[in-house]
$ cat final.cif   # mmCIF, C-alpha atoms
data_structure
loop_
_atom_site.label_atom_id
_atom_site.label_comp_id
_atom_site.auth_asym_id
_atom_site.auth_seq_id
_atom_site.Cartn_x
_atom_site.Cartn_y
_atom_site.Cartn_z
CA MET G 1 -43.23 31.39 -34.31
CA ILE G 2 -44.18 30.95 -37.96
CA ILE G 3 -45.05 34.64 -38.20
CA GLN G 4 -41.72 35.61 -36.67
CA VAL G 5 -39.83 33.40 -39.10
CA THR G 6 -41.79 34.83 -42.05
CA LEU G 7 -41.14 38.40 -40.93
CA ALA G 8 -37.46 37.68 -40.50
CA PHE G 9 -37.34 36.24 -44.02
CA LEU G 10 -39.11 39.26 -45.49
CA MET G 11 -36.76 41.64 -43.72
CA VAL G 12 -33.66 40.05 -45.21
CA ALA G 13 -35.10 39.21 -48.64
CA PRO G 14 -32.99 41.08 -51.24
CA VAL G 15 -34.65 43.42 -53.69
CA GLN G 16 -34.62 41.88 -57.14
CA GLY G 17 -32.11 43.30 -59.58
CA GLN G 18 -29.87 44.99 -57.04
CA ASP G 19 -26.58 43.33 -57.85
CA PRO G 20 -24.06 45.70 -56.23
CA THR G 21 -21.47 44.92 -58.90
CA VAL G 22 -23.59 46.23 -61.79
CA PRO G 23 -22.62 49.93 -61.46
CA LYS G 24 -18.95 48.96 -61.72
CA GLN G 25 -19.74 46.62 -64.61
CA ILE G 26 -21.37 49.53 -66.46
CA LYS G 27 -18.38 51.80 -65.94
CA ASP G 28 -15.95 49.08 -66.98
CA ALA G 29 -17.89 48.12 -70.09
CA PHE G 30 -18.41 51.66 -71.39
CA SER G 31 -14.82 52.54 -70.52
CA LYS G 32 -13.65 49.78 -72.83
CA VAL G 33 -15.94 51.07 -75.57
CA ALA G 34 -14.48 54.58 -75.15
CA ALA G 35 -10.93 53.23 -75.26
CA GLY G 36 -11.68 51.08 -78.28
CA ALA G 37 -13.31 53.97 -80.12
CA SER G 38 -10.32 56.24 -79.43
CA LYS G 39 -7.94 53.58 -80.67
CA LEU G 40 -9.81 53.19 -83.95
CA LYS G 41 -9.61 56.94 -84.58
CA LYS G 42 -13.10 56.97 -85.95
CA SER G 43 -15.96 59.19 -84.86
CA PHE G 44 -19.51 59.10 -83.61
CA PRO G 45 -21.83 58.30 -86.49
CA PRO G 46 -24.36 61.07 -86.99
CA TRP G 47 -25.83 59.31 -89.98
CA ALA G 48 -26.50 55.90 -88.57
CA PHE G 49 -30.17 55.56 -87.91
CA ILE G 50 -31.51 53.00 -85.54
CA GLN G 51 -34.67 51.33 -86.76
CA GLU G 52 -35.26 48.89 -83.96
CA TYR G 53 -33.56 47.09 -81.15
CA ALA G 54 -34.27 44.17 -78.90
CA CYS G 55 -32.77 41.82 -76.42
CA SER G 56 -33.33 38.13 -75.94
CA GLU G 57 -33.32 36.22 -72.69
CA GLY G 58 -30.42 33.95 -71.97
CA ASN G 59 -30.32 30.80 -69.91
CA MET B 1 -39.20 53.09 -83.05
CA GLY B 2 -38.60 56.33 -84.83
CA PHE B 3 -35.63 57.31 -86.91
CA HIS B 4 -33.19 59.67 -85.35
CA PRO B 5 -29.57 60.66 -85.72
CA GLY B 6 -26.61 60.13 -83.50
CA ILE B 7 -27.51 57.05 -81.51
CA CYS B 8 -24.32 55.20 -80.84
CA LEU B 9 -24.32 53.19 -77.62
CA PHE B 10 -26.26 50.25 -76.26
CA GLY B 11 -25.93 48.24 -73.10
CA GLY B 12 -27.67 45.54 -71.17
CA GLU B 13 -27.19 43.06 -68.37
CA LEU B 14 -27.10 39.75 -70.24
CA ARG B 15 -27.35 36.26 -68.88
CA GLN B 16 -25.28 33.50 -70.43
CA GLY B 17 -26.73 32.87 -73.88
CA GLY B 18 -28.56 36.20 -73.91
CA SER B 19 -28.16 38.56 -76.83
CA ILE B 20 -28.79 42.11 -77.80
CA TYR B 21 -29.36 43.41 -81.30
CA TYR B 22 -30.13 46.57 -83.12
CA SER B 23 -30.73 47.53 -86.71
CA ILE B 24 -29.33 50.64 -88.31
CA LYS B 25 -30.37 52.32 -91.51
CA VAL B 26 -27.50 53.95 -93.37
CA ASN B 27 -27.83 56.38 -96.24
CA ASP B 28 -24.52 55.91 -97.99
CA PRO B 29 -21.54 53.54 -98.25
CA SER B 30 -19.01 53.81 -95.45
CA ASP B 31 -16.89 51.82 -93.06
CA TYR B 32 -18.13 51.30 -89.54
CA GLY B 33 -16.76 49.75 -86.40
CA VAL B 34 -18.64 48.00 -83.63
CA ILE B 35 -16.83 48.06 -80.31
CA VAL B 36 -17.62 45.64 -77.51
CA GLY B 37 -17.11 46.53 -73.89
CA VAL B 38 -17.71 44.06 -71.11
CA SER B 39 -16.71 43.76 -67.51
CA GLY B 40 -14.92 40.48 -68.12
CA LYS B 41 -13.66 38.74 -71.21
CA GLU B 42 -14.57 40.39 -74.52
CA SER B 43 -13.89 37.03 -76.16
CA ASN B 44 -17.11 35.76 -74.55
CA ILE B 45 -19.11 38.14 -76.71
CA GLU B 46 -19.98 37.02 -80.22
CA VAL B 47 -20.62 39.96 -82.57
CA SER B 48 -22.22 39.73 -85.98
CA VAL B 49 -23.34 42.26 -88.59
CA LYS B 50 -25.68 41.30 -91.39
CA ASP B 51 -27.32 43.16 -94.23
CA ALA B 52 -31.02 43.09 -95.05
CA ASN B 53 -30.57 39.80 -96.91
CA GLY B 54 -28.90 38.14 -93.96
CA LYS B 55 -25.45 38.28 -95.54
CA ASP B 56 -22.50 38.66 -93.17
CA VAL B 57 -20.80 42.01 -93.90
CA VAL B 58 -18.03 41.87 -91.29
CA THR B 59 -14.68 42.70 -92.88
CA GLY B 60 -12.54 42.03 -89.84
CA ALA B 61 -13.03 41.11 -86.22
CA ASP B 62 -11.19 40.54 -82.98
CA ALA B 63 -12.17 40.20 -79.35
CA SER B 64 -12.83 43.93 -79.02
CA GLY B 65 -15.28 44.21 -81.89
CA ALA B 66 -15.81 44.07 -85.61
CA ASP B 67 -15.49 46.26 -88.69
CA PHE B 68 -18.05 46.28 -91.43
CA SER B 69 -18.69 48.09 -94.67
CA THR B 70 -21.98 49.29 -95.99
CA SER B 71 -21.62 48.85 -99.73
CA GLN B 72 -24.80 50.81 -100.25
CA GLY B 73 -27.53 52.42 -98.22
CA GLY B 74 -29.86 50.08 -96.42
CA THR B 75 -30.54 48.27 -93.19
CA TYR B 76 -27.88 46.42 -91.23
CA THR B 77 -28.39 44.39 -88.07
CA ILE B 78 -25.74 44.28 -85.37
CA SER B 79 -25.99 41.63 -82.69
CA ALA B 80 -23.97 40.55 -79.69
CA LYS B 81 -24.42 37.27 -77.88
CA ASN B 82 -23.03 36.62 -74.41
CA ASN B 83 -21.39 33.19 -74.27
CA GLY B 84 -19.94 33.83 -70.82
CA GLY B 85 -21.50 34.33 -67.41
CA GLN B 86 -24.01 37.08 -66.65
CA THR B 87 -22.52 40.52 -67.14
CA PHE B 88 -23.18 43.98 -68.49
CA VAL B 89 -22.41 44.22 -72.19
CA ALA B 90 -21.91 47.57 -73.90
CA LEU B 91 -21.75 48.18 -77.64
CA GLY B 92 -20.59 51.27 -79.46
CA ILE B 93 -20.76 52.09 -83.14
CA VAL B 94 -18.34 54.43 -84.87
CA ARG B 95 -17.88 55.56 -88.42
CA ASN B 96 -14.76 56.25 -90.47
CA GLU B 97 -15.48 59.72 -91.68
CA GLY B 98 -18.05 62.45 -91.54
CA GLY B 99 -18.92 61.94 -87.92
CA SER B 100 -19.04 64.22 -84.93
CA ASP B 101 -15.82 65.21 -83.19
CA HIS B 102 -17.46 64.94 -79.76
CA PRO B 103 -14.78 63.36 -77.52
CA PHE B 104 -15.04 59.67 -76.72
CA SER B 105 -14.08 60.47 -73.13
CA SER B 106 -17.67 61.71 -72.81
CA ILE B 107 -18.68 58.04 -72.72
CA ASN B 108 -16.78 57.59 -69.46
CA THR B 109 -18.31 60.74 -67.97
CA ALA B 110 -21.86 59.73 -68.85
CA ALA B 111 -21.35 56.10 -67.78
CA ALA B 112 -19.95 57.19 -64.40
CA SER B 113 -23.04 59.31 -63.82
CA TYR B 114 -25.31 56.48 -64.89
CA ALA B 115 -23.56 54.01 -62.57
CA ALA B 116 -23.75 56.43 -59.64
CA SER B 117 -27.43 57.04 -60.41
CA ILE B 118 -28.14 53.31 -60.21
CA GLU B 119 -26.40 53.11 -56.85
CA ASP B 120 -28.65 55.93 -55.67
CA ALA B 121 -31.77 54.27 -57.11
CA TYR B 122 -30.93 51.05 -55.25
CA LYS B 123 -31.58 52.97 -52.01
CA TYR B 124 -35.18 53.49 -53.13
CA ALA B 125 -35.72 49.80 -53.93
CA TRP B 126 -35.24 50.13 -57.67
CA GLY B 127 -33.49 47.29 -59.46
CA ILE B 128 -31.96 46.70 -62.86
CA PRO B 129 -33.70 44.63 -65.52
CA THR B 130 -31.79 41.49 -66.49
CA GLY B 131 -31.92 39.91 -69.93
CA ASP B 132 -33.28 43.17 -71.21
CA LEU B 133 -31.94 46.19 -72.98
CA MET B 134 -31.05 48.60 -70.25
CA VAL B 135 -29.24 51.64 -71.59
CA VAL B 136 -29.30 53.53 -74.88
CA GLY B 137 -26.80 56.29 -75.59
CA ASN B 138 -26.96 58.97 -78.20
CA LEU B 139 -25.33 62.16 -79.27
CA LEU B 140 -27.59 65.21 -79.37
CA GLY B 141 -26.67 68.42 -81.12
CA ALA B 142 -27.64 71.78 -79.63
CA GLY B 143 -31.43 71.89 -79.37
CA GLY B 144 -31.73 68.35 -80.74
CA SER B 145 -33.97 65.72 -79.27
CA TYR B 146 -34.15 61.95 -79.26
CA SER B 147 -37.22 59.82 -78.85
CA ARG B 148 -37.80 56.12 -78.67
CA ASN B 149 -40.71 53.86 -77.90
CA SER B 150 -40.57 50.90 -75.60
CA LYS B 151 -42.81 48.22 -74.12
CA ILE B 152 -42.21 47.93 -70.37
CA ASN B 153 -43.77 45.02 -68.52
CA TYR B 154 -42.81 45.87 -64.95
CA PRO B 155 -45.60 46.99 -62.58
CA LYS B 156 -43.40 49.83 -61.35
CA TRP B 157 -40.69 51.34 -63.50
CA LEU B 158 -38.77 54.50 -64.07
CA ILE B 159 -36.74 56.03 -66.83
CA LEU B 160 -33.35 57.34 -65.81
CA ALA B 161 -31.36 59.77 -67.95
CA VAL B 162 -27.92 61.36 -67.61
CA ALA B 163 -25.63 63.38 -69.86
CA ASP B 164 -21.93 64.09 -70.01
CA ALA B 165 -22.70 67.79 -69.50
CA GLY B 166 -24.89 67.25 -66.44
CA THR B 167 -28.59 67.45 -65.76
CA LYS B 168 -28.87 71.12 -66.71
CA SER B 169 -28.04 70.27 -70.31
CA PHE B 170 -31.17 68.27 -71.13
CA SER B 171 -34.79 67.63 -70.31
CA LEU B 172 -36.52 64.27 -69.98
CA SER B 173 -40.16 63.61 -70.70
CA VAL B 174 -41.80 60.19 -70.68
CA ALA B 175 -45.32 59.38 -71.81
CA ASP B 176 -47.27 56.22 -71.13
CA LYS B 177 -49.35 56.26 -74.29
CA THR B 178 -51.49 53.38 -73.02
CA ALA B 179 -52.57 55.32 -69.93
CA ASN B 180 -52.37 58.70 -71.67
CA LYS B 181 -50.08 59.98 -68.95
CA THR B 182 -46.95 62.12 -69.32
CA VAL B 183 -44.36 62.59 -66.59
CA ASP B 184 -41.65 65.19 -66.98
CA GLY B 185 -38.30 64.25 -65.51
CA VAL B 186 -37.54 65.09 -61.91
CA VAL B 187 -34.08 66.61 -61.88
CA GLU B 188 -31.61 65.35 -59.30
CA LYS B 189 -27.93 66.22 -58.96
CA LEU B 190 -26.67 63.48 -61.26
CA TYR B 191 -29.73 62.32 -63.16
CA SER B 192 -33.27 63.01 -64.18
CA TYR B 193 -36.05 60.45 -63.77
CA SER B 194 -39.70 59.82 -64.59
CA GLU B 195 -41.57 57.24 -62.50
CA PHE B 196 -44.61 55.10 -63.39
CA ASP B 197 -46.71 52.59 -61.48
CA ALA B 198 -48.22 50.45 -64.25
CA ALA B 199 -46.85 48.32 -67.07
CA THR B 200 -47.28 49.79 -70.51
CA GLN B 201 -47.33 48.64 -74.09
CA HIS B 202 -46.12 51.99 -75.30
CA ALA B 203 -43.74 54.20 -73.38
CA SER B 204 -42.50 57.19 -75.34
CA ILE B 205 -39.17 58.48 -74.01
CA VAL B 206 -37.90 61.88 -75.12
CA VAL B 207 -34.56 63.43 -74.19
CA LYS B 208 -34.04 66.97 -75.43
CA ASN B 209 -30.75 68.82 -75.44
CA THR B 210 -31.52 72.20 -73.90
CA SER B 211 -27.93 73.45 -74.03
CA GLN B 212 -25.99 75.23 -76.73
CA LYS B 213 -23.51 72.45 -77.35
CA THR B 214 -23.51 68.78 -78.32
CA ILE B 215 -24.09 66.35 -75.46
CA LEU B 216 -23.91 62.59 -74.99
CA SER B 217 -26.96 61.24 -73.20
CA LEU B 218 -27.55 57.81 -71.69
CA SER B 219 -31.07 56.73 -70.81
CA GLY B 220 -32.59 53.51 -69.64
CA HIS B 221 -35.14 51.95 -67.35
CA LEU B 222 -35.14 50.47 -63.87
CA ARG B 223 -37.89 48.41 -62.26
CA GLN B 224 -39.35 47.21 -59.01
#
$ encode --input "final.cif" --output "structure tokens"
Amino acid sequence: MIIQVTLAFLMVAPVQGQDPTVPKQIKDAFSKVAAGASKLKKSFPPWAFIQEYACSEGN
Amino acid sequence: MGFHPGICLFGGELRQGGSIYYSIKVNDPSDYGVIVGVSGKESNIEVSVKDANGKDVVTGADASGADFSTSQGGTYTISAKNNGGQTFVALGIVRNEGGSDHPFSSINTAAASYAASIEDAYKYAWGIPTGDLMVVGNLLGAGGSYSRNSKINYPKWLILAVADAGTKSFSLSVADKTANKTVDGVVEKLYSYSEFDAATQHASIVVKNTSQKTILSLSGHLRQ
């Protein structure tokens, strides 16, 4: 019985990081960047050089 | 990471209170704009730009981003903090003059491919990293290449790359310098990927434009 319950749990356990809304979030977010960039009438910056980047955990 | 031209987009899935930052080195005075894109309220995202001395250089800001001037060459740090609920936050950087005339609509094309690629990767049990930088976008001139180094702590991970001109316009090569192992990208219809099965302190990611025209590439990592 315990084994059956465990197996059932494993079968329905979601894979970590598979939020189905993320692909849409990505399209929405970059779409707003594209729209904002067009509105500003500026251009891609060929002379901006990235030195480093990072991300910090939230709550 | 190395210095390279044309990088212009960043994105990550940020929890509430999470932040993303990057530093740029500019060679001359100019006016720049940072644009925030989020699937939700832009007003939840707090953007700041500081010079090497920590001085705020923002000249104007609203919910969609901030403008800043580089009074002289040097290093400037751009950061975005998510004060709202967990969401994907994208940042773009543009410059007043002297930039590339590559169309901004290319961002939508590349992002749509990236989103579709993630949906496909979900089928193979790949997931997105949260509270971590996820996507970097850059413009590559004909024959140009872009490389960056990253520490990746997941036991299984892959690098995913797309471009506005499709997978025939670029090549992907990823090296795990710790394990001395290089994996060239496997080309699929929408994306190219390189897969690894051990965490690494030093992943070297190279995207090379193999076409005759400028492309916009997005690359990032997924994990299991």
$ closest_residue --input "final.cif" --among "B:Val34, B:Leu190, B:Gly54, B:Lys25" --to "Ala115 in chain B" --atoms "only C-alpha atoms"
B:Leu190
$ residues_around --input "final.cif" --residues "range 208-216 of chain B" --least-positions-apart "5" --cutoff "8 Å" --atoms "only C-alpha atoms" --output "short mmCIF file (atom, residue, chain, number, x, y, z; two decimals) with C-alpha atoms, in the frame of the given file"
data_model
loop_
_atom_site.label_atom_id
_atom_site.label_comp_id
_atom_site.auth_asym_id
_atom_site.auth_seq_id
_atom_site.Cartn_x
_atom_site.Cartn_y
_atom_site.Cartn_z
CA HIS B 102 -17.46 64.94 -79.76
CA SER B 106 -17.67 61.71 -72.81
CA ILE B 107 -18.68 58.04 -72.72
CA ALA B 110 -21.86 59.73 -68.85
CA GLY B 137 -26.80 56.29 -75.59
CA ASN B 138 -26.96 58.97 -78.20
CA LEU B 139 -25.33 62.16 -79.27
CA LEU B 140 -27.59 65.21 -79.37
CA GLY B 141 -26.67 68.42 -81.12
CA ALA B 142 -27.64 71.78 -79.63
CA GLY B 143 -31.43 71.89 -79.37
CA GLY B 144 -31.73 68.35 -80.74
CA SER B 145 -33.97 65.72 -79.27
CA TYR B 146 -34.15 61.95 -79.26
CA ALA B 163 -25.63 63.38 -69.86
CA ASP B 164 -21.93 64.09 -70.01
CA ALA B 165 -22.70 67.79 -69.50
CA LYS B 168 -28.87 71.12 -66.71
CA SER B 169 -28.04 70.27 -70.31
CA PHE B 170 -31.17 68.27 -71.13
CA SER B 171 -34.79 67.63 -70.31
CA LEU B 172 -36.52 64.27 -69.98
#
$ closest_atom_pairs --input "final.cif" --of "range 91-201 of chain B" --to "range 23-29 of chain G" --cutoff "8 Å" --atoms "all atoms listed in the file" --output "Markdown table"
| residue | atom | partner | partner_atom | distance |
| --- | --- | --- | --- | --- |
| B:Asn108 | CA | G:Lys27 | CA | 7.0 |
| B:Ala111 | CA | G:Lys27 | CA | 5.5 |
| B:Ala112 | CA | G:Lys27 | CA | 5.8 |
| B:Tyr114 | CA | G:Pro23 | CA | 7.9 |
| B:Ala115 | CA | G:Pro23 | CA | 4.3 |
| B:Ala116 | CA | G:Pro23 | CA | 6.8 |
| B:Ile118 | CA | G:Pro23 | CA | 6.6 |
| B:Glu119 | CA | G:Pro23 | CA | 6.8 |
$ closest_residue --input "final.cif" --among "B:Ser100, B:Ser48, B:Gln72, B:Asp56" --to "chain G" --atoms "all atoms listed in the file"
B:Ser100
$ resolve_selection --input "final.cif" --expression "the PyMOL selection byres ((chain B and resi 89) around 8)" --output "ChimeraX atom specification"
/G:26,29 /B:11-14,36-39,82,87-88,90-91
$ write_last_selection --input "final.cif" --atoms "C-alpha atoms" --output "short mmCIF file (atom, residue, chain, number, x, y, z; two decimals), keeping the file's coordinate frame"
data_model
loop_
_atom_site.label_atom_id
_atom_site.label_comp_id
_atom_site.auth_asym_id
_atom_site.auth_seq_id
_atom_site.Cartn_x
_atom_site.Cartn_y
_atom_site.Cartn_z
CA ILE G 26 -21.37 49.53 -66.46
CA ALA G 29 -17.89 48.12 -70.09
CA GLY B 11 -25.93 48.24 -73.10
CA GLY B 12 -27.67 45.54 -71.17
CA GLU B 13 -27.19 43.06 -68.37
CA LEU B 14 -27.10 39.75 -70.24
CA VAL B 36 -17.62 45.64 -77.51
CA GLY B 37 -17.11 46.53 -73.89
CA VAL B 38 -17.71 44.06 -71.11
CA SER B 39 -16.71 43.76 -67.51
CA ASN B 82 -23.03 36.62 -74.41
CA THR B 87 -22.52 40.52 -67.14
CA PHE B 88 -23.18 43.98 -68.49
CA ALA B 90 -21.91 47.57 -73.90
CA LEU B 91 -21.75 48.18 -77.64
#
$ atom_distance --input "final.cif" --atom1 "CA of Gln16 in chain G" --atom2 "CA of Arg148 in chain B"
26.0 Å
$ atom_distance --input "final.cif" --atom1 "CA of Gly65 in chain B" --atom2 "CA of Ser113 in chain B"
24.8 Å
$ resolve_selection --input "final.cif" --expression "the PyMOL selection byres ((chain B and resi 191-193) around 10)" --output "PyMOL selection string"
chain B and resi 113-114+116-118+120+158-163+166-168+170-174+183-190+194-195+218-221
$ closest_residue --input "final.cif" --among "B:Leu9, B:Val58, B:Ile24, B:Ala125" --to "Ala37 in chain G" --atoms "all atoms listed in the file"
B:Leu9
$ resolve_selection --input "final.cif" --expression "the PyMOL selection byres ((chain B and resi 47) around 8)" --output "VMD selection string"
chain B and resid 45 to 46 48 to 49 65 to 66 78 to 81
$ atom_distance --input "final.cif" --atom1 "CA of Val94 in chain B" --atom2 "CA of Leu222 in chain B"
27.2 Å
$ residues_near_point --input "final.cif" --point "(-24.0, 42.8, -95.1)" --cutoff "9 Å" --atoms "all atoms listed in the file" --output "PDB file with C-alpha atoms, in the frame of the given file"
ATOM      1  CA  VAL B  49     -23.340  42.260 -88.590  1.00  0.00           C
ATOM      2  CA  LYS B  50     -25.680  41.300 -91.390  1.00  0.00           C
ATOM      3  CA  ASP B  51     -27.320  43.160 -94.230  1.00  0.00           C
ATOM      4  CA  ALA B  52     -31.020  43.090 -95.050  1.00  0.00           C
ATOM      5  CA  ASN B  53     -30.570  39.800 -96.910  1.00  0.00           C
ATOM      6  CA  GLY B  54     -28.900  38.140 -93.960  1.00  0.00           C
ATOM      7  CA  LYS B  55     -25.450  38.280 -95.540  1.00  0.00           C
ATOM      8  CA  ASP B  56     -22.500  38.660 -93.170  1.00  0.00           C
ATOM      9  CA  VAL B  57     -20.800  42.010 -93.900  1.00  0.00           C
ATOM     10  CA  VAL B  58     -18.030  41.870 -91.290  1.00  0.00           C
ATOM     11  CA  PHE B  68     -18.050  46.280 -91.430  1.00  0.00           C
ATOM     12  CA  SER B  69     -18.690  48.090 -94.670  1.00  0.00           C
ATOM     13  CA  THR B  70     -21.980  49.290 -95.990  1.00  0.00           C
ATOM     14  CA  SER B  71     -21.620  48.850 -99.730  1.00  0.00           C
ATOM     15  CA  THR B  75     -30.540  48.270 -93.190  1.00  0.00           C
ATOM     16  CA  TYR B  76     -27.880  46.420 -91.230  1.00  0.00           C
ATOM     17  CA  THR B  77     -28.390  44.390 -88.070  1.00  0.00           C
TER      18      THR B  77
END
$ residues_around --input "final.cif" --residues "Lys177 in chain B" --least-positions-apart "4" --cutoff "12 Å" --atoms "all atoms listed in the file" --output "PyMOL selection string"
chain B and resi 149-152+181-183+196+198-205
$ residues_around --input "final.cif" --residues "Ser43 in chain B" --least-positions-apart "6" --cutoff "9 Å" --atoms "all atoms listed in the file" --output "list in words"
Asp62, Ala63, Ser64, Asn83 and Gly84 of chain B
$ closest_residue --input "final.cif" --among "B:Phe104, B:Gly40, B:Asp197, B:Gly74" --to "chain G" --atoms "only C-alpha atoms"
B:Phe104
$ closest_residue --input "final.cif" --among "B:Asn27, B:Thr130, B:Asn96, B:Gln86" --to "Ser38 in chain G" --atoms "all atoms listed in the file"
B:Asn96
